[in-house]
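Working notes, structure below.
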Amino acid sequence: MGDVLAAHFARKDLEATQCGVSLQRLKPNQRMPFGHQHEQQEEIYVIAGGSGRVRLDDEIVDVAQWDAVRVAPAVMRAFEAGPDGLDVVAFGAPGVPDSTQEMGWWTD
């Protein structure tokens with residue numbers, strides 16, 4: 001997803017067994033190409049840089065640096081970057097195979 005998003009996963013490098021962490025860098029004025037949700041896993045997202053919006057099911061919320069967003073498992077979610085891009089640190093469970101993705105989920 002080099003035209004839109006770069007994602008870096010640190011769980012293995014950190015030898016984490018009970019948590020997962022990633023850095024997701026969304027390019028300026030870009031939207032994630034998919035939404036996703038989980039059956040059981042909740043996630044926490046911390047905005048490390050830039051600003052934008054997050055869509056949580058049918059609710060759209062503005063986000064800026066150092067905002068934190070907790071997302072319940074069944075909630076479909078996706079981010080959209082503002083003009084400065086959006087850097088998101090995501091925290092969740094490691095390797096839990098309970099996610100569902102939907103390409104093109106966030107449309108205007």
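Letters A, B, ... go to the chains of the structure tokens in the order shown; residues in each chain start at 1; ligands are counted from 1 in the same order.
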
Mind checking DSSP for chain A and telling me the strand (DSSP E or B) residues as a PDB file with C-alpha atoms, in the first residue's frame?
ATOM      1  CA  LEU A   5       0.099   3.738   3.797  1.00  0.00           C
ATOM      2  CA  ALA A   6       3.278   2.342   5.359  1.00  0.00           C
ATOM      3  CA  ALA A   7       2.914  -0.038   8.302  1.00  0.00           C
ATOM      4  CA  HIS A   8       5.676  -1.248  10.628  1.00  0.00           C
ATOM      5  CA  PHE A   9       5.080  -4.055  13.144  1.00  0.00           C
ATOM      6  CA  GLY A  20       1.127  -6.216  19.585  1.00  0.00           C
ATOM      7  CA  VAL A  21       2.201  -2.741  18.488  1.00  0.00           C
ATOM      8  CA  SER A  22       2.545  -1.109  15.090  1.00  0.00           C
ATOM      9  CA  LEU A  23       3.239   2.275  13.536  1.00  0.00           C
ATOM     10  CA  GLN A  24       1.017   3.161  10.617  1.00  0.00           C
ATOM     11  CA  ARG A  25       1.930   6.193   8.496  1.00  0.00           C
ATOM     12  CA  LEU A  26      -0.845   7.461   6.279  1.00  0.00           C
ATOM     13  CA  ARG A  31      -7.698   7.356   3.502  1.00  0.00           C
ATOM     14  CA  PHE A  34     -10.004  -0.746   3.903  1.00  0.00           C
ATOM     15  CA  GLY A  35     -11.955  -0.813   7.125  1.00  0.00           C
ATOM     16  CA  HIS A  36     -11.503  -3.598   9.630  1.00  0.00           C
ATOM     17  CA  GLN A  37     -13.048  -5.007  12.786  1.00  0.00           C
ATOM     18  CA  HIS A  38     -12.357  -7.846  15.217  1.00  0.00           C
ATOM     19  CA  GLU A  43      -7.477  -1.912  19.995  1.00  0.00           C
ATOM     20  CA  ILE A  44      -6.064   1.397  21.145  1.00  0.00           C
ATOM     21  CA  TYR A  45      -4.744   3.941  18.676  1.00  0.00           C
ATOM     22  CA  VAL A  46      -2.520   6.887  19.652  1.00  0.00           C
ATOM     23  CA  ILE A  47      -2.003   9.695  17.155  1.00  0.00           C
ATOM     24  CA  ALA A  48       1.775  10.256  17.177  1.00  0.00           C
ATOM     25  CA  GLY A  49       1.842  12.919  14.465  1.00  0.00           C
ATOM     26  CA  GLY A  50      -0.291  14.858  12.060  1.00  0.00           C
ATOM     27  CA  SER A  51      -4.068  14.970  12.193  1.00  0.00           C
ATOM     28  CA  GLY A  52      -7.102  13.599  10.423  1.00  0.00           C
ATOM     29  CA  ARG A  53     -10.255  11.654  11.110  1.00  0.00           C
ATOM     30  CA  VAL A  54     -11.256   8.173  12.173  1.00  0.00           C
ATOM     31  CA  ARG A  55     -14.485   6.513  11.147  1.00  0.00           C
ATOM     32  CA  LEU A  56     -15.970   4.204  13.784  1.00  0.00           C
ATOM     33  CA  GLU A  59     -19.417   8.019  13.423  1.00  0.00           C
ATOM     34  CA  ILE A  60     -16.573  10.226  12.152  1.00  0.00           C
ATOM     35  CA  VAL A  61     -14.245  11.788  14.759  1.00  0.00           C
ATOM     36  CA  ASP A  62     -11.490  14.371  14.257  1.00  0.00           C
ATOM     37  CA  VAL A  63      -8.112  13.312  15.680  1.00  0.00           C
ATOM     38  CA  ALA A  64      -4.876  15.211  16.341  1.00  0.00           C
ATOM     39  CA  ALA A  68      -5.990   8.225  22.000  1.00  0.00           C
ATOM     40  CA  VAL A  69      -8.926   6.217  20.677  1.00  0.00           C
ATOM     41  CA  ARG A  70     -10.111   2.890  22.111  1.00  0.00           C
ATOM     42  CA  VAL A  71     -12.078   0.791  19.652  1.00  0.00           C
ATOM     43  CA  ARG A  77     -12.739   1.368  11.766  1.00  0.00           C
ATOM     44  CA  ALA A  78     -10.486   3.257   9.338  1.00  0.00           C
ATOM     45  CA  PHE A  79      -8.361   6.424   9.395  1.00  0.00           C
ATOM     46  CA  GLU A  80      -8.087   9.384   7.036  1.00  0.00           C
ATOM     47  CA  ALA A  81      -5.085  11.731   7.072  1.00  0.00           C
ATOM     48  CA  GLY A  82      -5.215  15.500   6.940  1.00  0.00           C
ATOM     49  CA  PRO A  83      -2.826  17.702   4.920  1.00  0.00           C
ATOM     50  CA  ASP A  84       0.178  16.829   7.146  1.00  0.00           C
ATOM     51  CA  GLY A  85      -0.380  13.071   7.048  1.00  0.00           C
ATOM     52  CA  LEU A  86      -1.236  10.882  10.021  1.00  0.00           C
ATOM     53  CA  ASP A  87       1.056   8.720  12.180  1.00  0.00           C
ATOM     54  CA  VAL A  88      -0.841   6.201  14.293  1.00  0.00           C
ATOM     55  CA  VAL A  89       0.577   3.827  16.906  1.00  0.00           C
ATOM     56  CA  ALA A  90      -1.775   0.856  17.253  1.00  0.00           C
ATOM     57  CA  PHE A  91      -1.866  -1.454  20.280  1.00  0.00           C
ATOM     58  CA  GLY A  92      -3.681  -4.800  20.314  1.00  0.00           C
ATOM     59  CA  SER A  99     -10.180  -9.636  11.968  1.00  0.00           C
ATOM     60  CA  THR A 100     -12.415  -8.909   9.017  1.00  0.00           C
ATOM     61  CA  GLN A 101     -11.366  -6.407   6.354  1.00  0.00           C
ATOM     62  CA  GLU A 102     -13.567  -4.655   3.846  1.00  0.00           C
ATOM     63  CA  MET A 103     -11.802  -2.940   0.945  1.00  0.00           C
TER      64      MET A 103
END

Checklist entry - Quick one: of A:Gly2, A:Asp67, A:Met32, A:Ala16, who's nearest to Trp106 in chain A, counting only C-alpha atoms? => result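 With only C-alpha atoms as the atom set, the closest residue is A:Met32.
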
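If only C-alpha atoms are the atoms counted, then among A:Asp108, A:Asp98, A:Asp3, A:Asp13 the closest residue to Lys27 in chain A is A:Asp3.
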
Checklist outcome for this item: Of A:Ala93, A:Glu42, A:Val4, A:Pro73, the one nearest to Gln30 in chain A when counting only C-alpha atoms is A:Val4

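CA of Ala10 in chain A sits 18.0 Å away from CA of Gln41 in chain A.
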